[in-house]
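Okay, upload-v8.cif is below, mmCIF, C-alpha atoms and all ligand atoms:
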data_model
#
loop_
_atom_site.label_atom_id
_atom_site.label_comp_id
_atom_site.auth_asym_id
_atom_site.auth_seq_id
_atom_site.Cartn_x
_atom_site.Cartn_y
_atom_site.Cartn_z
CA MET A 1 86.11 122.14 77.95
CA ASP A 2 87.39 121.60 81.45
CA ASN A 3 90.09 118.92 81.60
CA ARG A 4 90.34 118.55 85.34
CA VAL A 5 93.49 117.26 87.00
CA ILE A 6 92.88 115.17 90.12
CA ILE A 7 95.75 115.38 92.60
CA GLY A 8 96.21 113.89 96.06
CA GLY A 9 96.68 116.68 98.60
CA GLN A 10 98.35 114.55 101.28
CA TRP A 11 100.40 111.32 101.32
CA GLY A 12 98.18 109.37 98.93
CA ASP A 13 95.16 107.21 99.77
CA GLU A 14 92.90 110.28 99.82
CA GLY A 15 90.19 108.46 97.87
CA LYS A 16 91.07 109.71 94.39
CA GLY A 17 89.76 106.52 92.75
CA LYS A 18 86.19 107.13 93.87
CA ILE A 19 86.32 110.75 92.72
CA VAL A 20 87.80 109.91 89.30
CA ASP A 21 85.11 107.26 88.88
CA ALA A 22 82.42 109.80 89.79
CA LEU A 23 83.73 112.55 87.49
CA SER A 24 84.72 110.45 84.49
CA ASP A 25 81.22 109.96 83.06
CA LYS A 26 81.53 113.44 81.53
CA VAL A 27 84.84 112.96 79.68
CA ASP A 28 86.19 111.09 76.67
CA TRP A 29 89.46 110.07 78.32
CA VAL A 30 90.93 109.27 81.72
CA LEU A 31 94.71 109.58 81.66
CA ARG A 32 97.19 108.28 84.22
CA TYR A 33 100.57 109.91 84.03
CA GLN A 34 102.95 108.73 86.78
CA GLY A 35 103.72 105.89 89.17
CA GLY A 36 102.80 102.29 88.60
CA ALA A 37 101.27 99.42 90.52
CA ASN A 38 102.25 101.10 93.80
CA ALA A 39 98.87 102.88 93.56
CA GLY A 40 95.80 101.23 95.00
CA HIS A 41 92.54 102.84 93.99
CA THR A 42 89.47 101.33 95.63
CA ILE A 43 86.13 101.88 93.89
CA LYS A 44 82.73 100.66 94.91
CA VAL A 45 80.37 100.18 91.96
CA ALA A 46 76.87 99.08 92.99
CA ASP A 47 77.69 96.55 95.73
CA GLU A 48 80.97 95.40 94.23
CA GLU A 49 84.35 96.62 95.37
CA PHE A 50 87.27 96.85 92.91
CA VAL A 51 90.90 97.67 93.64
CA LEU A 52 92.91 99.04 90.72
CA HIS A 53 96.67 99.46 90.66
CA LEU A 54 97.46 100.37 87.05
CA VAL A 55 94.21 100.69 85.12
CA PRO A 56 92.63 104.16 85.49
CA SER A 57 89.50 104.42 87.62
CA GLY A 58 87.61 105.68 84.54
CA ILE A 59 87.32 102.07 83.32
CA PHE A 60 83.97 101.64 85.12
CA GLN A 61 82.29 104.23 82.87
CA PRO A 62 81.60 102.17 79.73
CA GLU A 63 82.00 105.01 77.21
CA VAL A 64 85.30 106.30 78.59
CA ARG A 65 88.69 105.43 77.10
CA CYS A 66 91.67 105.09 79.41
CA TYR A 67 95.35 105.71 78.87
CA LEU A 68 98.53 104.89 80.75
CA GLY A 69 101.03 107.63 79.96
CA ASN A 70 104.74 107.70 79.21
CA GLY A 71 105.43 108.92 82.76
CA MET A 72 104.45 105.56 84.22
CA VAL A 73 106.43 102.43 85.06
CA ILE A 74 104.35 99.42 84.07
CA ASP A 75 104.75 95.86 85.25
CA PRO A 76 103.32 93.86 82.32
CA TRP A 77 102.64 90.86 84.57
CA SER A 78 100.47 93.03 86.86
CA LEU A 79 98.79 94.72 83.89
CA ARG A 80 97.81 91.37 82.35
CA ASP A 81 96.41 90.12 85.68
CA GLU A 82 94.50 93.32 86.33
CA ILE A 83 92.93 93.30 82.87
CA SER A 84 91.84 89.67 83.17
CA ALA A 85 90.45 90.22 86.69
CA LEU A 86 88.35 93.13 85.39
CA GLU A 87 87.17 91.17 82.36
CA GLN A 88 86.22 88.21 84.52
CA ARG A 89 83.95 90.55 86.46
CA GLY A 90 82.28 91.78 83.27
CA ILE A 91 84.15 95.06 82.70
CA ARG A 92 85.10 95.59 79.05
CA VAL A 93 88.75 96.61 78.85
CA ARG A 94 89.96 95.73 75.33
CA ASP A 95 89.56 98.62 72.86
CA ARG A 96 89.18 101.01 75.79
CA LEU A 97 92.59 100.82 77.44
CA PHE A 98 95.75 102.06 75.74
CA VAL A 99 99.36 102.25 76.91
CA SER A 100 102.06 104.65 75.75
CA SER A 101 104.90 102.93 73.91
CA ALA A 102 107.20 105.30 75.83
CA ALA A 103 106.12 104.10 79.29
CA GLN A 104 108.84 102.16 81.09
CA LEU A 105 108.67 98.39 81.49
CA LEU A 106 108.96 97.34 85.10
CA MET A 107 110.77 94.01 85.18
CA PRO A 108 110.91 91.30 87.90
CA TYR A 109 114.44 92.38 88.80
CA HIS A 110 113.15 95.84 89.70
CA ARG A 111 110.88 94.31 92.32
CA ARG A 112 113.75 92.23 93.63
CA PHE A 113 116.05 95.29 93.87
CA ASP A 114 113.32 97.21 95.70
CA GLU A 115 112.93 94.46 98.27
CA LEU A 116 116.67 93.93 98.77
CA LYS A 117 117.45 97.65 98.98
CA GLU A 118 114.76 98.15 101.61
CA ASN A 119 116.14 95.22 103.63
CA LYS A 120 119.61 96.67 103.42
CA LEU A 121 118.45 100.07 104.68
CA ARG A 122 116.76 98.44 107.68
CA ARG A 123 115.63 101.17 110.11
CA LYS A 124 116.28 103.87 107.49
CA SER A 125 114.12 102.16 104.87
CA ILE A 126 111.55 104.21 102.94
CA GLY A 127 108.80 101.67 103.54
CA THR A 128 108.10 101.30 99.83
CA THR A 129 105.23 99.27 98.44
CA GLY A 130 107.81 96.74 97.19
CA ARG A 131 106.49 97.04 93.63
CA GLY A 132 109.88 97.92 92.10
CA ILE A 133 108.98 101.55 91.43
CA GLY A 134 112.24 103.28 92.45
CA PRO A 135 114.53 100.81 90.62
CA ALA A 136 112.41 101.06 87.44
CA TYR A 137 112.64 104.87 87.44
CA LEU A 138 116.36 104.55 88.14
CA ASP A 139 116.73 102.50 84.95
CA LYS A 140 114.69 105.10 83.08
CA PHE A 141 116.88 107.99 84.14
CA GLN A 142 120.04 105.96 83.67
CA ARG A 143 118.74 105.36 80.15
CA THR A 144 119.08 101.61 80.50
CA GLY A 145 115.39 100.71 80.81
CA LEU A 146 113.08 98.87 78.45
CA ARG A 147 109.91 100.56 77.30
CA LEU A 148 106.48 99.21 76.44
CA GLY A 149 107.36 99.88 72.81
CA ASP A 150 109.99 97.14 73.09
CA LEU A 151 107.14 94.62 73.35
CA LEU A 152 106.32 95.45 69.72
CA ARG A 153 109.66 94.13 68.49
CA ALA A 154 110.12 90.75 66.83
CA PRO A 155 109.83 88.00 69.48
CA GLU A 156 113.48 86.87 68.99
CA THR A 157 114.75 90.44 69.48
CA LEU A 158 112.59 90.94 72.56
CA GLU A 159 113.70 87.62 74.01
CA ARG A 160 117.38 88.42 73.42
CA THR A 161 117.06 91.92 74.92
CA ALA A 162 115.21 90.64 77.99
CA ILE A 163 117.90 88.00 78.55
CA GLU A 164 120.67 90.63 78.27
CA LYS A 165 118.92 93.00 80.70
CA THR A 166 118.21 90.26 83.23
CA LEU A 167 121.78 88.95 83.07
CA ALA A 168 123.04 92.50 83.72
CA ALA A 169 120.63 92.74 86.66
CA ASN A 170 121.85 89.36 87.93
CA GLU A 171 125.37 90.77 88.21
CA ILE A 172 124.10 93.49 90.53
CA LEU A 173 122.08 90.92 92.46
CA SER A 174 125.12 88.78 93.12
CA ASP A 175 127.87 91.45 93.38
CA PHE A 176 126.02 94.12 95.34
CA PHE A 177 123.31 92.24 97.20
CA ASP A 178 124.88 88.80 97.42
CA ALA A 179 121.52 87.44 96.24
CA GLU A 180 120.42 84.58 94.00
CA PRO A 181 120.20 85.31 90.27
CA LEU A 182 116.85 85.29 88.47
CA SER A 183 116.17 82.95 85.58
CA ALA A 184 116.79 85.14 82.53
CA ARG A 185 115.33 82.57 80.17
CA THR A 186 112.06 82.16 82.10
CA ILE A 187 111.60 85.93 82.37
CA ALA A 188 112.34 86.44 78.66
CA GLU A 189 109.93 83.67 77.61
CA GLU A 190 107.16 84.98 79.82
CA LEU A 191 107.71 88.48 78.47
CA VAL A 192 107.42 87.27 74.89
CA ASP A 193 104.10 85.63 75.83
CA LEU A 194 102.87 88.76 77.58
CA ALA A 195 103.86 90.88 74.59
CA GLU A 196 101.51 88.84 72.42
CA GLY A 197 98.52 89.78 74.60
CA LEU A 198 99.48 93.38 75.31
CA ARG A 199 100.56 94.38 71.79
CA PRO A 200 97.14 95.70 70.69
CA LEU A 201 97.11 98.15 73.62
CA ILE A 202 100.47 99.76 72.92
CA VAL A 203 100.23 103.02 71.02
CA SER A 204 101.92 106.31 70.29
CA GLY A 205 100.42 108.81 72.73
CA TYR A 206 101.18 111.58 70.26
CA GLU A 207 98.76 110.07 67.75
CA LEU A 208 96.18 108.72 70.18
CA LEU A 209 95.71 111.91 72.16
CA ARG A 210 95.50 114.20 69.14
CA GLY A 211 91.86 115.00 69.95
CA VAL A 212 92.80 116.01 73.50
CA ARG A 213 95.66 118.15 72.21
CA GLU A 214 93.40 119.84 69.68
CA ARG A 215 90.71 120.14 72.31
CA THR A 216 88.01 118.27 70.41
CA GLU A 217 88.09 115.56 73.10
CA SER A 218 88.04 115.98 76.86
CA ALA A 219 90.22 114.30 79.45
CA LEU A 220 90.48 113.82 83.18
CA PHE A 221 94.01 113.44 84.53
CA GLU A 222 94.16 110.85 87.30
CA GLY A 223 97.01 111.45 89.73
CA ALA A 224 98.38 108.65 91.88
CA GLN A 225 100.03 108.93 95.31
CA GLY A 226 99.94 112.49 96.71
CA THR A 227 101.69 115.86 96.83
CA LEU A 228 103.81 114.99 99.87
CA LEU A 229 105.10 111.85 98.13
CA ASP A 230 106.33 113.80 95.08
CA ILE A 231 110.00 113.12 94.30
CA ASP A 232 110.81 116.87 94.12
CA HIS A 233 108.18 118.53 96.29
CA GLY A 234 107.44 115.86 98.86
CA THR A 235 109.07 114.84 102.14
CA TYR A 236 112.29 113.63 100.48
CA PRO A 237 113.73 110.99 100.77
CA TYR A 238 110.51 109.42 102.11
CA VAL A 239 108.73 109.84 98.80
CA THR A 240 107.91 107.90 95.68
CA SER A 241 110.06 108.22 92.54
CA SER A 242 107.79 110.27 90.29
CA ASN A 243 106.15 113.69 90.11
CA SER A 244 102.75 113.26 91.71
CA THR A 245 102.20 117.04 91.66
CA VAL A 246 100.66 118.84 88.69
CA GLY A 247 103.79 119.05 86.50
CA GLY A 248 103.72 115.26 86.19
CA ALA A 249 100.47 115.53 84.22
CA LEU A 250 102.34 117.35 81.43
CA THR A 251 105.57 115.38 81.28
CA GLY A 252 103.76 112.11 81.89
CA THR A 253 101.38 112.50 78.93
CA GLY A 254 103.25 114.79 76.53
CA LEU A 255 100.26 117.16 76.44
CA PRO A 256 100.79 120.94 76.54
CA PRO A 257 99.73 123.16 79.49
CA ARG A 258 96.67 124.54 77.67
CA CYS A 259 95.16 121.03 77.89
CA LEU A 260 95.03 121.21 81.68
CA GLY A 261 91.93 122.76 83.21
CA ASP A 262 91.13 123.10 86.89
CA VAL A 263 93.38 121.36 89.37
CA VAL A 264 91.22 119.61 91.95
CA GLY A 265 92.87 118.49 95.18
CA ILE A 266 91.60 115.49 97.08
CA PHE A 267 92.02 115.62 100.86
CA LYS A 268 90.90 113.21 103.52
CA ALA A 269 89.02 114.91 106.37
CA TYR A 270 91.96 113.75 108.51
CA CYS A 271 95.35 112.45 107.43
CA THR A 272 97.08 109.12 106.80
CA ARG A 273 100.48 107.96 105.65
CA VAL A 274 101.87 104.52 104.79
CA GLY A 275 105.57 103.92 104.87
CA ASN A 276 108.16 105.83 106.84
CA GLY A 277 109.04 109.49 107.16
CA PRO A 278 107.90 112.51 109.17
CA PHE A 279 104.19 112.91 109.93
CA PRO A 280 103.79 115.77 112.43
CA THR A 281 100.09 115.27 113.21
CA GLU A 282 100.33 111.50 113.63
CA LEU A 283 98.23 109.97 116.42
CA LEU A 284 99.88 107.16 118.26
CA ALA A 285 98.52 104.32 120.38
CA ASP A 286 94.76 104.18 121.01
CA ASP A 287 93.87 107.46 119.27
CA GLY A 288 95.57 106.34 116.05
CA ASP A 289 93.98 102.89 116.38
CA LEU A 290 90.52 104.42 116.63
CA LEU A 291 90.84 106.42 113.40
CA ARG A 292 92.41 103.42 111.65
CA LYS A 293 89.51 101.22 112.71
CA LEU A 294 86.79 103.73 111.85
CA GLY A 295 88.39 104.55 108.49
CA GLY A 296 89.43 100.99 107.55
CA GLU A 297 92.92 102.41 107.07
CA TYR A 298 94.85 99.52 105.62
CA GLY A 299 96.83 99.88 102.37
CA ALA A 300 94.97 98.77 99.21
CA THR A 301 98.26 97.61 97.67
CA THR A 302 100.17 96.09 100.57
CA GLY A 303 97.55 95.63 103.30
CA ARG A 304 99.82 97.55 105.69
CA ALA A 305 98.21 99.49 108.55
CA ARG A 306 98.23 103.18 107.64
CA ARG A 307 99.52 105.71 110.14
CA CYS A 308 96.65 108.04 111.07
CA GLY A 309 96.51 111.61 112.35
CA TRP A 310 94.71 114.94 112.28
CA PHE A 311 94.31 117.25 109.29
CA ASP A 312 97.41 119.38 108.82
CA LEU A 313 96.63 122.87 107.52
CA LEU A 314 100.27 123.79 106.84
CA ALA A 315 100.75 120.74 104.66
CA GLY A 316 97.33 121.34 103.07
CA ARG A 317 98.11 124.96 102.14
CA TYR A 318 101.42 123.80 100.71
CA ALA A 319 99.62 121.26 98.47
CA VAL A 320 97.04 123.84 97.34
CA SER A 321 99.77 126.30 96.51
CA VAL A 322 102.31 123.99 94.82
CA ASN A 323 99.64 122.53 92.53
CA GLY A 324 97.55 125.67 92.04
CA MET A 325 94.43 123.86 93.22
CA SER A 326 91.28 125.84 92.57
CA GLY A 327 88.93 123.31 94.09
CA ILE A 328 89.04 120.72 96.82
CA ILE A 329 87.13 117.55 97.52
CA VAL A 330 87.09 116.37 101.13
CA THR A 331 86.73 112.61 101.48
CA LYS A 332 85.83 110.25 104.33
CA LEU A 333 84.08 112.94 106.37
CA ASP A 334 81.85 110.15 107.74
CA VAL A 335 84.87 108.52 109.42
CA LEU A 336 84.84 111.42 111.90
CA ASP A 337 81.12 110.93 112.69
CA ARG A 338 81.87 109.26 116.01
CA ILE A 339 84.79 111.41 117.13
CA GLU A 340 84.11 113.59 120.16
CA THR A 341 86.69 116.30 119.44
CA VAL A 342 88.18 116.83 115.98
CA LYS A 343 91.53 118.60 115.75
CA VAL A 344 93.33 120.50 113.00
CA ALA A 345 96.99 121.56 113.10
CA THR A 346 97.13 125.31 112.47
CA THR A 347 100.80 126.09 113.23
CA TYR A 348 103.96 124.24 114.18
CA GLN A 349 106.40 124.92 116.95
CA ILE A 350 110.05 124.17 116.17
CA ASP A 351 112.08 124.64 119.37
CA ASP A 352 110.91 128.12 120.50
CA GLU A 353 109.88 129.30 117.10
CA ARG A 354 106.34 129.41 115.70
CA VAL A 355 106.14 128.24 112.10
CA ASP A 356 103.24 128.99 109.75
CA LEU A 357 104.73 127.86 106.45
CA TYR A 358 105.22 124.17 105.77
CA PRO A 359 108.92 123.38 106.27
CA VAL A 360 109.73 121.15 103.35
CA ARG A 361 113.07 119.98 104.72
CA GLY A 362 112.64 116.56 106.29
CA GLU A 363 114.83 117.18 109.33
CA LEU A 364 112.81 120.27 110.27
CA LEU A 365 109.55 118.48 109.72
CA ALA A 366 110.62 115.69 112.05
CA ARG A 367 111.15 118.27 114.83
CA CYS A 368 107.80 120.06 114.43
CA ARG A 369 105.32 120.05 117.24
CA PRO A 370 101.88 120.91 115.83
CA GLN A 371 99.56 123.35 117.61
CA TYR A 372 95.92 122.40 117.23
CA ARG A 373 92.55 124.05 116.99
CA GLU A 374 89.77 121.89 118.36
CA PHE A 375 86.27 121.41 116.98
CA ALA A 376 83.34 119.79 118.76
CA GLY A 377 82.48 116.59 116.92
CA TRP A 378 79.01 116.19 115.41
CA GLU A 379 78.53 112.64 116.70
CA ARG A 380 75.81 111.89 114.15
CA PRO A 381 75.98 109.83 110.95
CA THR A 382 76.59 111.83 107.77
CA THR A 383 76.46 108.88 105.36
CA ASP A 384 72.94 109.74 104.16
CA CYS A 385 73.62 113.45 103.70
CA ARG A 386 73.38 114.53 100.05
CA SER A 387 73.45 118.31 100.43
CA LEU A 388 75.24 120.77 102.66
CA THR A 389 72.02 121.53 104.49
CA ASP A 390 71.71 117.85 105.46
CA LEU A 391 75.03 118.01 107.31
CA PRO A 392 75.15 118.59 111.08
CA ALA A 393 76.08 122.20 111.92
CA ALA A 394 79.34 121.12 113.59
CA ALA A 395 80.43 119.25 110.44
CA ARG A 396 79.71 122.31 108.31
CA LYS A 397 81.69 124.48 110.70
CA TYR A 398 84.65 122.13 110.33
CA LEU A 399 84.43 122.19 106.52
CA GLU A 400 84.02 125.98 106.41
CA PHE A 401 87.16 126.34 108.50
CA LEU A 402 89.13 124.06 106.14
CA GLU A 403 87.86 125.94 103.09
CA GLN A 404 88.76 129.35 104.46
CA GLU A 405 92.16 128.32 105.75
CA LEU A 406 93.16 126.35 102.66
CA GLY A 407 92.09 129.17 100.35
CA ALA A 408 90.29 126.97 97.79
CA LEU A 409 86.62 126.14 97.40
CA ILE A 410 85.39 122.80 98.65
CA VAL A 411 83.47 121.53 95.62
CA GLY A 412 82.65 118.08 96.92
CA VAL A 413 82.41 116.08 100.14
CA SER A 414 82.42 112.30 100.21
CA VAL A 415 80.44 110.66 103.01
CA GLY A 416 80.84 106.96 102.20
CA LYS A 417 82.34 104.45 99.81
CA ARG A 418 79.48 104.29 97.32
CA ARG A 419 79.27 106.45 94.19
CA ASP A 420 76.10 108.15 95.38
CA GLN A 421 77.49 109.03 98.83
CA MET A 422 78.63 112.48 97.71
CA ILE A 423 77.69 116.08 98.32
CA TRP A 424 78.50 118.31 95.32
CA THR A 425 78.64 122.08 95.55
CA ASP A 426 79.94 124.49 92.91
CA THR A 427 80.09 127.45 95.21
CA GLY A 428 81.95 126.05 98.21
CA VAL A 429 80.70 125.34 101.71
CA THR A 430 81.02 128.76 103.34
CA THR A 431 77.68 130.47 103.82
P1 LIG B 1 107.17 103.33 96.31
O1 LIG B 1 106.34 104.27 95.51
O2 LIG B 1 106.66 101.93 96.33
O3 LIG B 1 108.62 103.43 95.97
O4 LIG B 1 107.07 103.80 97.85
C1 LIG B 1 107.60 105.04 98.30
C2 LIG B 1 106.69 105.64 99.37
O5 LIG B 1 105.46 106.05 98.79
C3 LIG B 1 106.32 104.68 100.50
O6 LIG B 1 106.18 105.42 101.69
C4 LIG B 1 104.98 104.13 100.06
O7 LIG B 1 104.21 103.66 101.15
C5 LIG B 1 104.38 105.39 99.46
N1 LIG B 1 103.37 105.11 98.43
C6 LIG B 1 103.59 104.73 97.15
N2 LIG B 1 102.42 104.60 96.50
C7 LIG B 1 101.46 104.95 97.37
C8 LIG B 1 100.03 105.06 97.26
O8 LIG B 1 99.43 104.84 96.21
N3 LIG B 1 99.37 105.46 98.39
C9 LIG B 1 100.03 105.76 99.54
N4 LIG B 1 101.35 105.67 99.68
C10 LIG B 1 102.07 105.28 98.61
#

Do you think you could lay out the structure here as structure tokens?
Ligand code: IMP
Amino acid sequence: MDNRVIIGGQWGDEGKGKIVDALSDKVDWVLRYQGGANAGHTIKVADEEFVLHLVPSGIFQPEVRCYLGNGMVIDPWSLRDEISALEQRGIRVRDRLFVSSAAQLLMPYHRRFDELKENKLRRKSIGTTGRGIGPAYLDKFQRTGLRLGDLLRAPETLERTAIEKTLAANEILSDFFDAEPLSARTIAEELVDLAEGLRPLIVSGYELLRGVRERTESALFEGAQGTLLDIDHGTYPYVTSSNSTVGGALTGTGLPPRCLGDVVGIFKAYCTRVGNGPFPTELLADDGDLLRKLGGEYGATTGRARRCGWFDLLAGRYAVSVNGMSGIIVTKLDVLDRIETVKVATTYQIDDERVDLYPVRGELLARCRPQYREFAGWERPTTDCRSLTDLPAAARKYLEFLEQELGALIVGVSVGKRRDQMIWTDTGVTT
């Protein structure tokens, strides 16, 4: 049984949602293991477009069960709204979605801290999604956070605890940020109400995932964000606050390593980043605008314009290597259909030195000048291609180069938003 792990190879937004949706018809479970409602997974099913933030993209396959792992930070207000939005559009969620009692509760004061901290940092801000992710993880590691399991307590206990936590947060709001306090009573009452609705979903992952652990049931691990946003292995401090690389799949579900099968990396055919931080291959002005327009590169969570640039082989090799990716799926190839010359960064120049290995240190990365290899564009639509032989020769040449240089087989190529707009290949693209 092959329990694939789907990991973003870049700075997130690689199109993981579509791939998880496409691959999840063959598994019993889709498991999310890190992050929270900072993720924005866009999936097109028939002619309808859905954007998910917390619920795994496996929810559109009716037989699949979905799980939010202990590694996540979950805003119960967002979770309730997302579930009801899906149900209103005819997707059955109850009895198919489960949440670990050990996942952290993301509270309204976490969002407020996120916003105020970013404002305070001004030009040095991270450019977070404003969803309260960093402050919620801070509470987790300070061991002061609430967990989803706390929603199972008696309503009076939950109400009292929520009031205490919010009052403690209010002290920080007024003393450190000079900001207005939040209404502890309103938050506590709303939380008690939410607990009522969410209670049936909250489970012990240890019990629920027994079949996956014993390998009688299969699972797909759905990563959020991307390798370069990982708290340890990304472009620190311009990162998110969780492990979006492969180790997160273990700690964020409590499953042992033997449960992980192939690690499949998702890479856009070019590169984007939202938020601040170094991005060596970024295209500025008109060139960046063109890719943004062709790719519809606006954040699914915040609507922010994404920074756009060329594929970066050094960063790509780093992601393949850190995660042990054995396969790669290249997404949004069709976005390059109208580009005259496609470029790929093959080395960096730092001062007078040539660099071939990705320099993980942020200050070095900010000084890198990428050296590019150019490819003639194919200037033909690829959206109707369903096999490698349908692709224009120039597009195949580009993919073959990526496959050889990244050192992992390209097992899929996405050429549009719809489920069927995929080329699958078990043996890679190199002839
Ligand atoms: P946070 O995760 O909201 O704290 O944001 C930290 C950084 O990660 C910011 O640069 C965000 O733009 C980025 N980020 C967080 N989640 C995503 C995502 O799902 N896609 C792309 N970027 C993300």

statement: Between A:Gly303, A:Gly40, A:Gly17, A:Gly254, smallest distance to ligand LIG 1 (chain B) by all atoms listed in the file belongs to A:Gly40

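With CA of Lys117 (chain A) on one side and CA of Phe177 (chain A) on the other, the separation reads 8.2 Å.
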
message: Env of Glu180 (chain A): 12 Å cut, atoms = only C-alpha atoms, seq-sep filter 3 positions within chain, self excluded. Answer as a list in words.
response: Tyr109, Arg112, Phe113, Leu116, Leu167, Ala169, Asn170, Glu171, Ile172, Leu173, Ser174, Asp175, Phe176, Phe177 and Ser183 of chain A

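CA of Ala39 (chain A) is found 22.1 Å from CA of Val415 (chain A).
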
- request: Would you list the contacts of region 360-364 of chain A as an NGL selection string, taking every protein, DNA or RNA residue within 12 Å and counting all atoms listed in the file, but skipping same-chain residues closer than 3 positions in sequence?
  value: :A and (227-230 or 232-239 or 276-280 or 314-315 or 318-319 or 322 or 348-351 or 353 or 355 or 357 or 367-369)

Using all atoms listed in the file, determine which residues fall within 9 Å of ligand LIG 1 (chain B), then list them as a PDB file with C-alpha atoms, in the frame of the given file.
ATOM      1  CA  TRP A  11     100.400 111.320 101.320  1.00  0.00           C
ATOM      2  CA  GLY A  12      98.180 109.370  98.930  1.00  0.00           C
ATOM      3  CA  ASP A  13      95.160 107.210  99.770  1.00  0.00           C
ATOM      4  CA  GLU A  14      92.900 110.280  99.820  1.00  0.00           C
ATOM      5  CA  GLY A  35     103.720 105.890  89.170  1.00  0.00           C
ATOM      6  CA  GLY A  36     102.800 102.290  88.600  1.00  0.00           C
ATOM      7  CA  ALA A  37     101.270  99.420  90.520  1.00  0.00           C
ATOM      8  CA  ASN A  38     102.250 101.100  93.800  1.00  0.00           C
ATOM      9  CA  ALA A  39      98.870 102.880  93.560  1.00  0.00           C
ATOM     10  CA  GLY A  40      95.800 101.230  95.000  1.00  0.00           C
ATOM     11  CA  HIS A  41      92.540 102.840  93.990  1.00  0.00           C
ATOM     12  CA  HIS A  53      96.670  99.460  90.660  1.00  0.00           C
ATOM     13  CA  ASP A 114     113.320  97.210  95.700  1.00  0.00           C
ATOM     14  CA  ILE A 126     111.550 104.210 102.940  1.00  0.00           C
ATOM     15  CA  GLY A 127     108.800 101.670 103.540  1.00  0.00           C
ATOM     16  CA  THR A 128     108.100 101.300  99.830  1.00  0.00           C
ATOM     17  CA  THR A 129     105.230  99.270  98.440  1.00  0.00           C
ATOM     18  CA  GLY A 130     107.810  96.740  97.190  1.00  0.00           C
ATOM     19  CA  ARG A 131     106.490  97.040  93.630  1.00  0.00           C
ATOM     20  CA  GLY A 132     109.880  97.920  92.100  1.00  0.00           C
ATOM     21  CA  ILE A 133     108.980 101.550  91.430  1.00  0.00           C
ATOM     22  CA  GLY A 134     112.240 103.280  92.450  1.00  0.00           C
ATOM     23  CA  PRO A 135     114.530 100.810  90.620  1.00  0.00           C
ATOM     24  CA  ALA A 224      98.380 108.650  91.880  1.00  0.00           C
ATOM     25  CA  GLN A 225     100.030 108.930  95.310  1.00  0.00           C
ATOM     26  CA  GLY A 226      99.940 112.490  96.710  1.00  0.00           C
ATOM     27  CA  LEU A 229     105.100 111.850  98.130  1.00  0.00           C
ATOM     28  CA  ASP A 230     106.330 113.800  95.080  1.00  0.00           C
ATOM     29  CA  PRO A 237     113.730 110.990 100.770  1.00  0.00           C
ATOM     30  CA  TYR A 238     110.510 109.420 102.110  1.00  0.00           C
ATOM     31  CA  VAL A 239     108.730 109.840  98.800  1.00  0.00           C
ATOM     32  CA  THR A 240     107.910 107.900  95.680  1.00  0.00           C
ATOM     33  CA  SER A 241     110.060 108.220  92.540  1.00  0.00           C
ATOM     34  CA  SER A 242     107.790 110.270  90.290  1.00  0.00           C
ATOM     35  CA  THR A 272      97.080 109.120 106.800  1.00  0.00           C
ATOM     36  CA  ARG A 273     100.480 107.960 105.650  1.00  0.00           C
ATOM     37  CA  VAL A 274     101.870 104.520 104.790  1.00  0.00           C
ATOM     38  CA  GLY A 275     105.570 103.920 104.870  1.00  0.00           C
ATOM     39  CA  ASN A 276     108.160 105.830 106.840  1.00  0.00           C
ATOM     40  CA  GLY A 277     109.040 109.490 107.160  1.00  0.00           C
ATOM     41  CA  GLY A 299      96.830  99.880 102.370  1.00  0.00           C
ATOM     42  CA  ALA A 300      94.970  98.770  99.210  1.00  0.00           C
ATOM     43  CA  THR A 301      98.260  97.610  97.670  1.00  0.00           C
ATOM     44  CA  THR A 302     100.170  96.090 100.570  1.00  0.00           C
ATOM     45  CA  ARG A 304      99.820  97.550 105.690  1.00  0.00           C
ATOM     46  CA  ARG A 306      98.230 103.180 107.640  1.00  0.00           C
TER      47      ARG A 306
END

- prompt: Residues at most 7 Å from region 93-102 of chain A, counting only C-alpha atoms, excluding those fewer than 2 positions away in the same chain, as a ChimeraX atom specification?
  reply: /A:65-70,83,87,91,104,147-149,201-205

- prompt: Which residue, A:Leu406, A:Leu388, A:Ala103, A:Ile339, has the smallest gap to Ala376 (chain A) when you use only C-alpha atoms?
  reply: A:Ile339

Which residues are near Ser78 (chain A)? Cut-off 8 Å, all atoms listed in the file, ignore same chain within fewer than 3 positions. Put them as a CSV table (one decimal) with C-alpha atoms, keeping the file's coordinate frame.
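Final output, saved to around-v4.csv:
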chain,number,residue,atom,x,y,z
A,37,ALA,CA,101.3,99.4,90.5
A,54,LEU,CA,97.5,100.4,87.0
A,74,ILE,CA,104.4,99.4,84.1
A,75,ASP,CA,104.8,95.9,85.2
A,81,ASP,CA,96.4,90.1,85.7
A,82,GLU,CA,94.5,93.3,86.3

task: May I have the residues at most 12 Å from (88.8, 128.7, 103.1) in the file's coordinates, counting all atoms listed in the file, as a PyMOL selection string?
output: chain A and resi 313+316-317+320+326-328+397-411+427-431

Which residues, written as a CSV table (one decimal) with C-alpha atoms, keeping the file's coordinate frame, have at least one atom at most 9 Å from Asp420 (chain A), with only C-alpha atoms counted and residues fewer than 4 positions away on the same chain left out?
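Writing done, so here's around_31.csv:
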chain,number,residue,atom,x,y,z
A,22,ALA,CA,82.4,109.8,89.8
A,386,ARG,CA,73.4,114.5,100.0
A,414,SER,CA,82.4,112.3,100.2
A,416,GLY,CA,80.8,107.0,102.2

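Candidate residues A:Val27, A:Val5, A:Leu209, A:Ile59 were compared for distance to Ser244 (chain A), and the nearest is A:Val5, using all atoms listed in the file.
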